[in-house]
>>> print(open('protein-v9.cif').read())   # mmCIF, C-alpha atoms
data_model
loop_
_atom_site.label_atom_id
_atom_site.label_comp_id
_atom_site.auth_asym_id
_atom_site.auth_seq_id
_atom_site.Cartn_x
_atom_site.Cartn_y
_atom_site.Cartn_z
CA MET A 3 59.83 136.25 143.76
CA GLY A 4 62.18 138.50 141.79
CA LEU A 5 64.91 135.85 141.97
CA LEU A 6 62.58 133.20 140.53
CA VAL A 7 61.66 135.47 137.63
CA PHE A 8 65.34 136.16 136.98
CA VAL A 9 66.20 132.43 137.01
CA ARG A 10 63.26 131.64 134.71
CA ASN A 11 64.30 134.34 132.23
CA LEU A 12 67.90 133.15 132.36
CA LEU A 13 66.84 129.55 131.58
CA LEU A 14 64.65 130.73 128.72
CA ALA A 15 67.55 132.73 127.30
CA LEU A 16 69.88 129.74 127.57
CA CYS A 17 67.33 127.50 125.84
CA LEU A 18 67.00 130.04 123.04
CA LEU A 19 70.77 130.21 122.64
CA LEU A 20 70.98 126.40 122.49
CA VAL A 21 68.28 126.25 119.80
CA LEU A 22 69.96 128.99 117.74
CA GLY A 23 73.33 127.28 118.17
CA PHE A 24 71.89 123.97 116.98
CA LEU A 25 70.30 125.60 113.93
CA TYR A 26 73.54 127.40 113.07
CA TYR A 27 75.57 124.20 113.43
CA SER A 28 73.08 122.27 111.26
CA ALA A 29 73.22 124.92 108.53
CA TRP A 30 77.02 124.85 108.63
CA LYS A 31 77.10 121.07 108.28
CA LEU A 32 74.71 121.22 105.34
CA HIS A 33 76.98 123.78 103.70
CA LEU A 34 79.96 121.45 104.07
CA LEU A 35 78.09 118.54 102.58
CA GLN A 36 77.50 120.44 99.35
CA TRP A 37 80.79 119.11 98.01
CA GLU A 38 81.64 116.25 100.38
CA ASP A 39 81.00 112.63 99.57
CA SER A 40 80.25 111.87 103.20
CA ASP A 41 81.67 108.79 104.91
CA SER A 42 78.19 108.09 106.23
CA LEU A 43 77.05 107.08 102.74
CA LEU A 44 77.24 103.33 102.36
CA LEU A 45 78.74 101.80 99.24
CA SER A 46 75.28 100.55 98.29
CA LEU A 47 73.78 104.05 98.17
CA ASP A 48 73.90 106.69 95.47
CA SER A 49 74.62 110.36 96.17
CA ALA A 50 70.95 110.97 96.99
CA GLY A 51 70.86 108.14 99.52
CA GLN A 52 68.87 105.79 97.30
CA ALA A 53 69.74 102.09 97.30
CA LEU A 54 71.68 100.78 94.30
CA GLY A 55 70.63 97.53 92.65
CA THR A 56 72.54 94.40 91.75
CA GLU A 57 73.60 95.97 88.44
CA TYR A 58 76.37 97.82 90.35
CA ASP A 59 79.68 96.44 91.61
CA ARG A 60 80.95 96.57 95.20
CA LEU A 61 82.24 100.14 94.76
CA GLY A 62 79.06 101.40 93.13
CA PHE A 63 80.09 101.35 89.45
CA LEU A 64 77.65 100.12 86.83
CA LEU A 65 78.61 96.55 85.92
CA LYS A 66 77.60 96.72 82.25
CA LEU A 67 79.46 99.67 80.83
CA ASP A 68 78.55 100.81 77.34
CA SER A 69 80.38 103.18 75.02
CA LYS A 70 77.01 104.46 73.82
CA LEU A 71 75.68 107.55 75.54
CA PRO A 72 72.67 107.08 77.83
CA ALA A 73 69.51 108.19 76.04
CA GLU A 74 68.98 111.34 78.09
CA LEU A 75 72.59 112.46 77.57
CA ALA A 76 72.50 111.64 73.86
CA THR A 77 69.52 113.97 73.56
CA LYS A 78 71.15 116.67 75.68
CA TYR A 79 74.32 116.77 73.59
CA ALA A 80 72.79 115.93 70.20
CA ASN A 81 73.06 119.45 68.81
CA PHE A 82 76.72 119.99 69.63
CA SER A 83 78.98 120.09 66.59
CA GLU A 84 81.95 117.78 66.22
CA GLY A 85 84.80 118.90 68.44
CA ALA A 86 82.75 121.46 70.38
CA CYS A 87 83.22 121.43 74.14
CA LYS A 88 80.19 119.97 75.90
CA PRO A 89 79.47 121.57 79.30
CA GLY A 90 79.14 119.08 82.15
CA TYR A 91 79.87 116.12 79.87
CA ALA A 92 82.43 114.22 81.97
CA SER A 93 80.57 114.61 85.26
CA ALA A 94 77.24 113.64 83.67
CA LEU A 95 78.72 110.43 82.26
CA MET A 96 80.53 109.75 85.54
CA THR A 97 77.29 110.07 87.47
CA ALA A 98 75.56 107.76 84.98
CA ILE A 99 78.02 104.93 85.67
CA PHE A 100 78.76 105.85 89.31
CA PRO A 101 75.71 107.37 91.04
CA ARG A 102 77.73 108.16 94.18
CA PHE A 103 79.70 110.80 92.29
CA SER A 104 79.16 114.33 93.56
CA LYS A 105 80.91 116.96 91.47
CA PRO A 106 81.35 120.08 93.64
CA ALA A 107 84.86 120.11 95.12
CA PRO A 108 87.45 122.88 94.81
CA MET A 109 90.67 121.99 92.97
CA PHE A 110 92.94 123.73 95.47
CA LEU A 111 92.95 124.53 99.16
CA ASP A 112 91.79 128.03 100.03
CA ASP A 113 91.61 129.99 103.27
CA SER A 114 88.46 128.11 104.39
CA PHE A 115 90.24 124.73 104.33
CA ARG A 116 89.74 124.08 108.06
CA LYS A 117 85.96 123.93 107.60
CA TRP A 118 86.11 120.91 105.28
CA ALA A 119 85.24 117.96 107.51
CA ARG A 120 86.08 115.29 104.97
CA ILE A 121 89.80 116.12 104.95
CA ARG A 122 90.12 117.55 108.45
CA GLU A 123 90.05 114.18 110.19
CA PHE A 124 92.82 112.51 108.16
CA VAL A 125 96.59 112.99 108.16
CA PRO A 126 98.38 113.35 104.81
CA PRO A 127 98.04 112.14 102.15
CA PHE A 128 94.28 111.75 102.70
CA GLY A 129 93.73 114.94 104.65
CA ILE A 130 95.25 117.93 106.45
CA LYS A 131 95.15 116.89 110.11
CA GLY A 132 98.08 118.44 111.95
CA GLN A 133 98.95 120.76 109.05
CA ASP A 134 96.74 123.75 109.85
CA ASN A 135 99.49 126.19 110.78
CA LEU A 136 101.70 125.23 107.84
CA ILE A 137 98.87 125.52 105.31
CA LYS A 138 97.68 128.80 106.79
CA ALA A 139 101.20 130.22 106.56
CA ILE A 140 101.53 129.12 102.91
CA LEU A 141 98.12 130.45 101.84
CA SER A 142 98.75 133.78 103.57
CA VAL A 143 101.57 134.35 101.07
CA THR A 144 100.23 132.70 97.89
CA LYS A 145 96.78 134.36 98.20
CA GLU A 146 95.54 132.66 95.01
CA TYR A 147 93.33 129.59 95.26
CA ARG A 148 91.85 129.08 91.80
CA LEU A 149 92.97 128.74 88.20
CA THR A 150 93.80 131.81 86.16
CA PRO A 151 91.05 134.39 85.52
CA ALA A 152 91.02 133.43 81.82
CA LEU A 153 90.47 129.73 82.57
CA ASP A 154 87.93 130.45 85.30
CA SER A 155 85.89 132.52 82.82
CA LEU A 156 85.58 129.71 80.26
CA HIS A 157 82.05 128.46 79.75
CA CYS A 158 83.41 124.97 79.04
CA ARG A 159 86.83 123.53 79.91
CA ARG A 160 88.59 120.70 78.07
CA CYS A 161 91.38 119.16 80.13
CA ILE A 162 94.04 116.57 79.42
CA ILE A 163 96.23 114.76 81.93
CA VAL A 164 99.57 113.91 80.35
CA GLY A 165 101.04 110.86 82.01
CA ASN A 166 104.70 109.93 81.87
CA GLY A 167 104.29 106.49 80.32
CA GLY A 168 106.54 105.11 77.63
CA VAL A 169 103.40 104.56 75.55
CA LEU A 170 103.64 108.24 74.55
CA ALA A 171 106.85 107.74 72.60
CA ASN A 172 106.54 108.05 68.81
CA LYS A 173 102.79 108.77 68.94
CA SER A 174 103.10 112.35 67.58
CA LEU A 175 100.30 113.57 69.84
CA GLY A 176 101.90 116.92 70.65
CA SER A 177 99.58 119.15 68.62
CA ARG A 178 96.45 117.36 69.86
CA ILE A 179 97.58 117.73 73.47
CA ASP A 180 98.25 121.45 73.02
CA ASP A 181 94.68 121.96 71.71
CA TYR A 182 93.24 121.41 75.20
CA ASP A 183 92.38 124.35 77.45
CA ILE A 184 94.14 122.85 80.46
CA VAL A 185 97.20 120.63 80.10
CA VAL A 186 98.22 118.89 83.32
CA ARG A 187 101.69 117.38 83.66
CA LEU A 188 103.07 115.29 86.50
CA ASN A 189 106.27 115.50 88.52
CA SER A 190 109.46 116.19 86.55
CA ALA A 191 108.36 114.82 83.16
CA PRO A 192 110.22 116.99 80.63
CA VAL A 193 108.71 118.84 77.69
CA LYS A 194 111.74 120.28 75.93
CA GLY A 195 112.99 117.87 73.29
CA PHE A 196 109.78 115.81 73.36
CA GLU A 197 107.31 118.35 71.98
CA ARG A 198 106.34 116.24 68.98
CA ASP A 199 104.96 113.50 71.23
CA VAL A 200 103.91 115.35 74.40
CA GLY A 201 103.21 118.92 73.26
CA SER A 202 104.68 122.16 74.57
CA LYS A 203 101.84 123.61 76.63
CA THR A 204 101.66 123.22 80.43
CA THR A 205 98.88 124.71 82.54
CA LEU A 206 99.41 122.82 85.81
CA ARG A 207 102.37 120.78 86.95
CA ILE A 208 101.36 118.62 89.91
CA THR A 209 104.13 117.13 92.00
CA TYR A 210 105.51 116.35 95.45
CA PRO A 211 109.01 117.33 96.70
CA GLU A 212 110.85 114.20 95.55
CA GLY A 213 109.19 114.38 92.13
CA ALA A 214 109.73 118.10 91.50
CA MET A 215 112.17 119.36 88.89
CA GLN A 216 115.45 120.21 90.59
CA ARG A 217 116.85 122.58 87.96
CA PRO A 218 115.02 125.95 87.87
CA GLU A 219 115.51 126.30 84.10
CA GLN A 220 113.35 123.21 83.51
CA TYR A 221 110.15 124.90 84.71
CA GLU A 222 107.66 126.25 82.19
CA ARG A 223 107.20 130.00 82.43
CA ASP A 224 103.38 130.18 82.29
CA SER A 225 102.39 127.13 84.35
CA LEU A 226 101.06 126.87 87.89
CA PHE A 227 103.03 124.79 90.39
CA VAL A 228 100.70 122.49 92.37
CA LEU A 229 101.80 120.53 95.45
CA ALA A 230 100.27 117.14 96.11
CA GLY A 231 101.02 116.65 99.80
CA PHE A 232 101.60 112.96 100.53
CA LYS A 233 103.22 113.47 103.95
CA TRP A 234 103.58 116.26 106.48
CA GLN A 235 107.14 117.03 105.36
CA ASP A 236 105.79 118.00 101.93
CA PHE A 237 103.87 120.93 103.41
CA LYS A 238 106.92 122.00 105.42
CA TRP A 239 108.98 121.87 102.22
CA LEU A 240 106.46 124.02 100.36
CA LYS A 241 106.57 126.61 103.13
CA TYR A 242 110.34 126.91 102.64
CA ILE A 243 109.81 127.24 98.88
CA VAL A 244 107.06 129.87 99.16
CA TYR A 245 109.01 131.94 101.69
CA LYS A 246 112.19 131.47 99.62
CA GLU A 247 114.02 130.05 102.62
CA ARG A 248 116.82 127.49 102.63
CA VAL A 249 115.50 123.92 102.44
CA PRO A 250 117.33 121.75 105.00
CA LEU A 251 118.44 118.57 103.25
CA PRO A 252 118.94 115.20 104.93
CA SER A 253 122.08 113.15 104.62
CA LYS A 254 122.37 110.15 102.32
CA ALA A 255 122.18 107.97 105.41
CA LYS A 256 118.73 109.39 106.19
CA PHE A 257 117.61 108.68 102.62
CA ARG A 258 118.68 105.06 103.00
CA GLN A 259 117.00 104.74 106.40
CA TYR A 260 113.75 106.17 105.04
CA GLN A 261 113.76 103.63 102.24
CA VAL A 262 114.29 100.83 104.78
CA ASP A 263 111.44 102.16 106.90
CA SER A 264 109.17 102.23 103.83
CA LYS A 265 109.89 98.61 103.05
CA GLN A 266 108.95 97.76 106.62
CA GLU A 267 105.62 99.52 106.06
CA ARG A 268 106.29 102.24 108.59
CA ARG A 269 103.31 104.00 110.09
CA GLN A 270 102.60 107.51 108.86
CA LYS A 271 103.95 110.08 111.32
CA SER A 272 101.86 113.07 112.34
CA GLY A 273 103.36 116.54 112.42
CA SER A 274 103.79 116.45 116.19
CA GLU A 275 105.77 113.19 116.05
CA ALA A 276 108.26 114.30 113.42
CA GLN A 277 111.70 115.61 114.25
CA SER A 278 112.70 117.82 111.33
CA ALA A 279 111.56 118.97 107.92
CA SER A 280 113.83 116.53 106.12
CA ASP A 281 113.23 113.28 108.04
CA GLY A 282 110.78 111.81 105.56
CA PHE A 283 112.33 112.49 102.15
CA TRP A 284 113.38 109.32 100.36
CA LYS A 285 115.51 111.10 97.73
CA SER A 286 116.92 114.54 97.09
CA VAL A 287 114.38 117.34 96.64
CA ALA A 288 114.31 120.67 94.85
CA THR A 289 115.69 123.54 96.90
CA ARG A 290 114.17 126.24 94.69
CA VAL A 291 111.08 126.51 92.49
CA PRO A 292 111.21 129.51 90.13
CA LYS A 293 107.61 130.51 90.75
CA GLU A 294 106.24 133.52 92.59
CA PRO A 295 103.83 132.73 95.47
CA PRO A 296 100.67 133.58 93.43
CA GLU A 297 101.70 130.87 90.94
CA ILE A 298 101.71 128.15 93.61
CA ARG A 299 98.74 126.03 94.70
CA ILE A 300 98.02 123.15 97.11
CA LEU A 301 96.00 120.32 95.59
CA ASN A 302 92.87 119.48 97.55
CA PRO A 303 93.69 116.21 99.42
CA TYR A 304 90.07 115.21 98.88
CA PHE A 305 91.07 113.93 95.45
CA ILE A 306 93.75 111.63 96.88
CA GLN A 307 91.24 110.29 99.38
CA GLU A 308 88.43 109.90 96.84
CA ALA A 309 90.67 108.23 94.26
CA ALA A 310 92.07 105.77 96.82
CA PHE A 311 89.02 104.67 98.77
CA THR A 312 85.92 105.64 96.76
CA LEU A 313 86.91 105.12 93.14
CA ILE A 314 89.74 102.56 93.17
CA GLY A 315 88.85 100.73 96.39
CA LEU A 316 92.30 100.59 97.99
CA PRO A 317 92.74 99.40 101.62
CA PHE A 318 91.65 102.03 104.13
CA ASN A 319 94.35 101.17 106.71
CA ASN A 320 92.76 103.45 109.33
CA GLY A 321 93.27 106.40 107.02
CA LEU A 322 97.06 106.06 107.06
CA MET A 323 99.56 105.56 104.27
CA GLY A 324 100.30 101.85 103.93
CA ARG A 325 101.12 99.07 101.53
CA GLY A 326 99.19 99.36 98.29
CA ASN A 327 96.80 102.15 99.34
CA ILE A 328 98.30 105.22 97.66
CA PRO A 329 96.93 106.08 94.20
CA THR A 330 99.38 107.21 91.55
CA LEU A 331 99.50 110.91 90.86
CA GLY A 332 97.96 110.21 87.45
CA SER A 333 94.78 108.74 88.95
CA VAL A 334 94.62 111.60 91.45
CA ALA A 335 94.87 114.12 88.61
CA VAL A 336 92.11 112.35 86.67
CA THR A 337 89.91 112.47 89.78
CA MET A 338 90.59 116.19 90.12
CA ALA A 339 89.71 116.75 86.45
CA LEU A 340 86.39 114.92 86.77
CA HIS A 341 85.41 117.55 89.32
CA GLY A 342 86.87 120.62 87.65
CA CYS A 343 86.61 120.02 83.90
CA ASP A 344 83.79 119.54 81.40
CA GLU A 345 85.66 117.13 79.14
CA VAL A 346 88.61 114.99 80.25
CA ALA A 347 91.27 113.21 78.21
CA VAL A 348 94.47 111.39 79.11
CA ALA A 349 97.66 110.50 77.25
CA GLY A 350 100.68 108.53 78.39
CA PHE A 351 98.68 106.33 80.79
CA GLY A 352 98.99 102.58 81.10
CA TYR A 353 101.50 100.11 82.51
CA ASP A 354 101.78 96.84 80.60
CA MET A 355 103.16 94.45 83.19
CA ASN A 356 103.37 91.71 80.55
CA THR A 357 106.26 93.57 78.88
CA PRO A 358 108.77 94.10 81.71
CA ASN A 359 111.47 95.35 79.34
CA ALA A 360 109.36 98.08 77.77
CA PRO A 361 110.29 101.67 78.76
CA LEU A 362 108.43 102.82 81.87
CA HIS A 363 108.60 106.52 80.92
CA TYR A 364 108.84 108.29 77.57
CA TYR A 365 111.94 110.25 78.61
CA GLU A 366 114.26 107.63 80.17
CA THR A 367 115.46 104.04 79.91
CA VAL A 368 114.01 102.66 83.16
CA ARG A 369 112.07 99.49 82.37
CA MET A 370 108.48 98.51 83.19
CA ALA A 371 109.62 95.96 85.76
CA ALA A 372 110.62 98.82 88.09
CA ILE A 373 106.99 99.60 88.92
CA GLN A 374 106.60 96.15 90.46
CA GLU A 375 108.93 97.24 93.25
CA SER A 376 106.50 99.96 94.40
CA TRP A 377 105.07 99.20 97.83
CA THR A 378 102.54 102.05 97.82
CA HIS A 379 100.60 101.56 94.55
CA ASN A 380 98.19 98.90 93.32
CA ILE A 381 98.63 99.15 89.56
CA GLN A 382 96.07 96.46 88.73
CA ARG A 383 93.24 98.13 90.62
CA GLU A 384 94.08 101.51 89.13
CA LYS A 385 93.99 99.98 85.67
CA GLU A 386 90.52 98.54 86.37
CA PHE A 387 89.30 101.97 87.50
CA LEU A 388 90.68 103.81 84.46
CA ARG A 389 89.36 101.16 82.06
CA LYS A 390 85.87 101.74 83.43
CA LEU A 391 86.16 105.44 82.62
CA VAL A 392 87.49 104.81 79.11
CA LYS A 393 84.90 102.15 78.29
CA ALA A 394 82.06 104.43 79.36
CA ARG A 395 83.58 107.41 77.49
CA VAL A 396 83.93 109.41 80.71
CA ILE A 397 87.52 110.05 79.64
CA THR A 398 89.27 109.77 76.26
CA ASP A 399 92.58 107.90 76.04
CA LEU A 400 94.57 109.50 73.21
CA SER A 401 97.51 107.10 73.43
CA SER A 402 95.39 103.93 73.84
CA GLY A 403 97.50 102.66 76.72
CA ILE A 404 94.73 101.93 79.21
#
>>> encode(input="protein-v9.cif", output="structure tokens")
Amino acid sequence: MGLLVFVRNLLLALCLLLVLGFLYYSAWKLHLLQWEDSDSLLLSLDSAGQALGTEYDRLGFLLKLDSKLPAELATKYANFSEGACKPGYASALMTAIFPRFSKPAPMFLDDSFRKWARIREFVPPFGIKGQDNLIKAILSVTKEYRLTPALDSLHCRRCIIVGNGGVLANKSLGSRIDDYDIVVRLNSAPVKGFERDVGSKTTLRITYPEGAMQRPEQYERDSLFVLAGFKWQDFKWLKYIVYKERVPLPSKAKFRQYQVDSKQERRQKSGSEAQSASDGFWKSVATRVPKEPPEIRILNPYFIQEAAFTLIGLPFNNGLMGRGNIPTLGSVAVTMALHGCDEVAVAGFGYDMNTPNAPLHYYETVRMAAIQESWTHNIQREKEFLRKLVKARVITDLSSGI
């Protein structure tokens, strides 16, 4: 009789533990979904799960975009003076034209990155699968996961993404660009000598190893260095940089082989399949970044994933890097800003494929035709995405290149 009572009590205890475990797991999943745009949402549903009508396109954008503010937003922002920063402006307009948009998403990876289901299941560039140990090692040294205290304390943040396009040349937009609270620059685009057109202020410089400035003196003193990890080698490279260790460089033969592999649409390798830290670099990379660990961040891969598949509609390719499914860093930065800024502007954006001899970048003589050789980007689809944002006033295009 005593044994039966013991077994009964044991079963009751196990049932209670199962119920508590289920409740805990459910609460944890709900917490994760606060900022995730879950894969379970169909393209025909808004962020609340309501069906969208025929007035929306296949991605969920409003078909008839209007530069006039929706009535409820016009009322909300009616009392703001000219030039005053309007809290929540960009995300409110984005939600009005794209109901699937869900704003909460951290700009940078922090020490809870392994809990984020949306990026955990994908390898770079769309996630962090296979990179846990590398990212943990980097974050244990950087220990900073947000913007600066001064920027975090702002009631309203105005951000501008400065692209590298030749359209910036001779526009004299430097002073207007420097007026923004956060100025984001991309890769190795120089500032010195071009201040009149591109400004002198840099808050964030987002790049990947091959795009990073290679001369330490080129880096701005007060900017944050932000890695956009497009492949597993990028995280390994950042670990060397953060720990101030020697970066092993591949031979020129490996560079050439990588370029051949890219043209053959090689499959993205996972961390366990790779042989060394330098196997995947397609050109020389920086061996030193003159930033202390607290000045270094890792861009949330969610923005690469969201830009590619949700906003631009690039091929999914089983979640792997492939032909035409990698968004440009400019579109990724715009996506990041829509989540982290109240007002968003761009300058230096826009590729005019009808003028192949026009300068591709404001700082060099490479021509527009060079972008046609890219196997990873789909410039036309990106242009359609950015034009939607400009037409609906979600973003402001200072250089009128989009």
>>> resolve_selection(input="protein-v9.cif", expression="the PyMOL selection byres ((chain A and resi 213) around 8)", output="PDB file with C-alpha atoms, keeping the file's coordinate frame")
ATOM      1  CA  ASN A 189     106.270 115.500  88.520  1.00  0.00           C
ATOM      2  CA  SER A 190     109.460 116.190  86.550  1.00  0.00           C
ATOM      3  CA  THR A 209     104.130 117.130  92.000  1.00  0.00           C
ATOM      4  CA  TYR A 210     105.510 116.350  95.450  1.00  0.00           C
ATOM      5  CA  PRO A 211     109.010 117.330  96.700  1.00  0.00           C
ATOM      6  CA  GLU A 212     110.850 114.200  95.550  1.00  0.00           C
ATOM      7  CA  ALA A 214     109.730 118.100  91.500  1.00  0.00           C
ATOM      8  CA  MET A 215     112.170 119.360  88.890  1.00  0.00           C
ATOM      9  CA  VAL A 287     114.380 117.340  96.640  1.00  0.00           C
TER      10      VAL A 287
END
>>> atom_distance(input="protein-v9.cif", atom1="atom CA of Arg187 of chain A", atom2="atom CA of Leu388 of chain A")
17.5 Å
>>> resolve_selection(input="protein-v9.cif", expression="the PyMOL selection byres ((chain A and resi 72) around 12)", output="ChimeraX atom specification")
/A:67-71,73-80,91,94-99,394-396
>>> atom_distance(input="protein-v9.cif", atom1="atom CA of Ala191 of chain A", atom2="atom CA of Tyr365 of chain A")
7.4 Å
>>> resolve_selection(input="protein-v9.cif", expression="the PyMOL selection byres ((chain A and resi 248) around 12)", output="list of chain:residue names")
A:Lys238, A:Trp239, A:Leu240, A:Lys241, A:Tyr242, A:Ile243, A:Val244, A:Tyr245, A:Lys246, A:Glu247, A:Val249, A:Pro250, A:Leu251, A:Ala279, A:Ser280, A:Ala288, A:Thr289, A:Arg290, A:Val291
>>> atom_distance(input="protein-v9.cif", atom1="atom CA of Leu206 of chain A", atom2="atom CA of Glu222 of chain A")
9.6 Å
>>> closest_residue(input="protein-v9.cif", among="A:Phe110, A:Phe82, A:Tyr182, A:Phe124", to="Arg148 of chain A", atoms="only C-alpha atoms")
A:Phe110
>>> residues_around(input="protein-v9.cif", residues="Tyr364 of chain A", least_positions_apart="6", cutoff="12 Å", atoms="only C-alpha atoms", output="NGL selection string")
:A and (164-173 or 190-193 or 195-200 or 349-352 or 370)
>>> write_last_selection(input="protein-v9.cif", atoms="C-alpha atoms", output="short mmCIF file (atom, residue, chain, number, x, y, z; two decimals), keeping the file's coordinate frame")
data_model
loop_
_atom_site.label_atom_id
_atom_site.label_comp_id
_atom_site.auth_asym_id
_atom_site.auth_seq_id
_atom_site.Cartn_x
_atom_site.Cartn_y
_atom_site.Cartn_z
CA VAL A 164 99.57 113.91 80.35
CA GLY A 165 101.04 110.86 82.01
CA ASN A 166 104.70 109.93 81.87
CA GLY A 167 104.29 106.49 80.32
CA GLY A 168 106.54 105.11 77.63
CA VAL A 169 103.40 104.56 75.55
CA LEU A 170 103.64 108.24 74.55
CA ALA A 171 106.85 107.74 72.60
CA ASN A 172 106.54 108.05 68.81
CA LYS A 173 102.79 108.77 68.94
CA SER A 190 109.46 116.19 86.55
CA ALA A 191 108.36 114.82 83.16
CA PRO A 192 110.22 116.99 80.63
CA VAL A 193 108.71 118.84 77.69
CA GLY A 195 112.99 117.87 73.29
CA PHE A 196 109.78 115.81 73.36
CA GLU A 197 107.31 118.35 71.98
CA ARG A 198 106.34 116.24 68.98
CA ASP A 199 104.96 113.50 71.23
CA VAL A 200 103.91 115.35 74.40
CA ALA A 349 97.66 110.50 77.25
CA GLY A 350 100.68 108.53 78.39
CA PHE A 351 98.68 106.33 80.79
CA GLY A 352 98.99 102.58 81.10
CA MET A 370 108.48 98.51 83.19
#
>>> closest_residue(input="protein-v9.cif", among="A:Lys88, A:Lys194, A:Arg217, A:Lys117", to="Arg160 of chain A", atoms="all atoms listed in the file")
A:Lys88
>>> closest_residue(input="protein-v9.cif", among="A:Ile137, A:Thr330, A:Glu345, A:Ala335", to="Ile381 of chain A", atoms="all atoms listed in the file")
A:Thr330
>>> residues_around(input="protein-v9.cif", residues="Tyr147 of chain A", least_positions_apart="4", cutoff="10 Å", atoms="only C-alpha atoms", output="PyMOL selection string")
chain A and resi 108-113+141+296-301
>>> write_last_selection(input="protein-v9.cif", atoms="C-alpha atoms", output="mmCIF file, in the frame of the given file")
data_model
loop_
_atom_site.group_PDB
_atom_site.id
_atom_site.type_symbol
_atom_site.label_atom_id
_atom_site.label_comp_id
_atom_site.auth_asym_id
_atom_site.auth_seq_id
_atom_site.Cartn_x
_atom_site.Cartn_y
_atom_site.Cartn_z
ATOM 1 C CA PRO A 108 87.450 122.880 94.810
ATOM 2 C CA MET A 109 90.670 121.990 92.970
ATOM 3 C CA PHE A 110 92.940 123.730 95.470
ATOM 4 C CA LEU A 111 92.950 124.530 99.160
ATOM 5 C CA ASP A 112 91.790 128.030 100.030
ATOM 6 C CA ASP A 113 91.610 129.990 103.270
ATOM 7 C CA LEU A 141 98.120 130.450 101.840
ATOM 8 C CA PRO A 296 100.670 133.580 93.430
ATOM 9 C CA GLU A 297 101.700 130.870 90.940
ATOM 10 C CA ILE A 298 101.710 128.150 93.610
ATOM 11 C CA ARG A 299 98.740 126.030 94.700
ATOM 12 C CA ILE A 300 98.020 123.150 97.110
ATOM 13 C CA LEU A 301 96.000 120.320 95.590
#
>>> decode(input="protein-v9.cif", residues="segment 296-306 of chain A", atoms="N, CA, C and O atoms", output="PDB file, in the first residue's frame")
ATOM      1  N   PRO A 296      35.555  47.992 -26.216  1.00  0.00           N
ATOM      2  CA  PRO A 296      34.238  48.592 -25.961  1.00  0.00           C
ATOM      3  C   PRO A 296      33.708  49.449 -27.105  1.00  0.00           C
ATOM      4  O   PRO A 296      32.543  49.857 -27.075  1.00  0.00           O
ATOM      5  N   GLU A 297      34.544  49.725 -28.112  1.00  0.00           N
ATOM      6  CA  GLU A 297      34.110  50.515 -29.269  1.00  0.00           C
ATOM      7  C   GLU A 297      33.721  49.636 -30.448  1.00  0.00           C
ATOM      8  O   GLU A 297      33.486  50.132 -31.544  1.00  0.00           O
ATOM      9  N   ILE A 298      33.620  48.330 -30.215  1.00  0.00           N
ATOM     10  CA  ILE A 298      33.332  47.378 -31.289  1.00  0.00           C
ATOM     11  C   ILE A 298      31.989  46.708 -31.027  1.00  0.00           C
ATOM     12  O   ILE A 298      31.662  46.348 -29.899  1.00  0.00           O
ATOM     13  N   ARG A 299      31.184  46.553 -32.079  1.00  0.00           N
ATOM     14  CA  ARG A 299      29.875  45.926 -31.985  1.00  0.00           C
ATOM     15  C   ARG A 299      29.713  44.870 -33.092  1.00  0.00           C
ATOM     16  O   ARG A 299      30.421  44.897 -34.097  1.00  0.00           O
ATOM     17  N   ILE A 300      28.733  43.978 -32.894  1.00  0.00           N
ATOM     18  CA  ILE A 300      28.345  43.024 -33.934  1.00  0.00           C
ATOM     19  C   ILE A 300      26.917  43.346 -34.349  1.00  0.00           C
ATOM     20  O   ILE A 300      25.994  43.313 -33.527  1.00  0.00           O
ATOM     21  N   LEU A 301      26.720  43.675 -35.606  1.00  0.00           N
ATOM     22  CA  LEU A 301      25.381  43.994 -36.098  1.00  0.00           C
ATOM     23  C   LEU A 301      24.471  42.779 -35.959  1.00  0.00           C
ATOM     24  O   LEU A 301      24.866  41.641 -36.254  1.00  0.00           O
ATOM     25  N   ASN A 302      23.258  43.009 -35.520  1.00  0.00           N
ATOM     26  CA  ASN A 302      22.279  41.932 -35.403  1.00  0.00           C
ATOM     27  C   ASN A 302      21.982  41.350 -36.794  1.00  0.00           C
ATOM     28  O   ASN A 302      21.480  42.066 -37.662  1.00  0.00           O
ATOM     29  N   PRO A 303      22.274  40.061 -37.041  1.00  0.00           N
ATOM     30  CA  PRO A 303      22.015  39.466 -38.360  1.00  0.00           C
ATOM     31  C   PRO A 303      20.545  39.471 -38.762  1.00  0.00           C
ATOM     32  O   PRO A 303      20.216  39.234 -39.926  1.00  0.00           O
ATOM     33  N   TYR A 304      19.680  39.740 -37.793  1.00  0.00           N
ATOM     34  CA  TYR A 304      18.254  39.838 -38.096  1.00  0.00           C
ATOM     35  C   TYR A 304      17.995  40.833 -39.208  1.00  0.00           C
ATOM     36  O   TYR A 304      17.114  40.635 -40.053  1.00  0.00           O
ATOM     37  N   PHE A 305      18.769  41.916 -39.246  1.00  0.00           N
ATOM     38  CA  PHE A 305      18.533  42.956 -40.247  1.00  0.00           C
ATOM     39  C   PHE A 305      18.930  42.497 -41.646  1.00  0.00           C
ATOM     40  O   PHE A 305      18.311  42.901 -42.631  1.00  0.00           O
ATOM     41  N   ILE A 306      19.952  41.663 -41.744  1.00  0.00           N
ATOM     42  CA  ILE A 306      20.321  41.095 -43.046  1.00  0.00           C
ATOM     43  C   ILE A 306      19.215  40.157 -43.520  1.00  0.00           C
ATOM     44  O   ILE A 306      18.797  40.188 -44.677  1.00  0.00           O
TER      45      ILE A 306
END
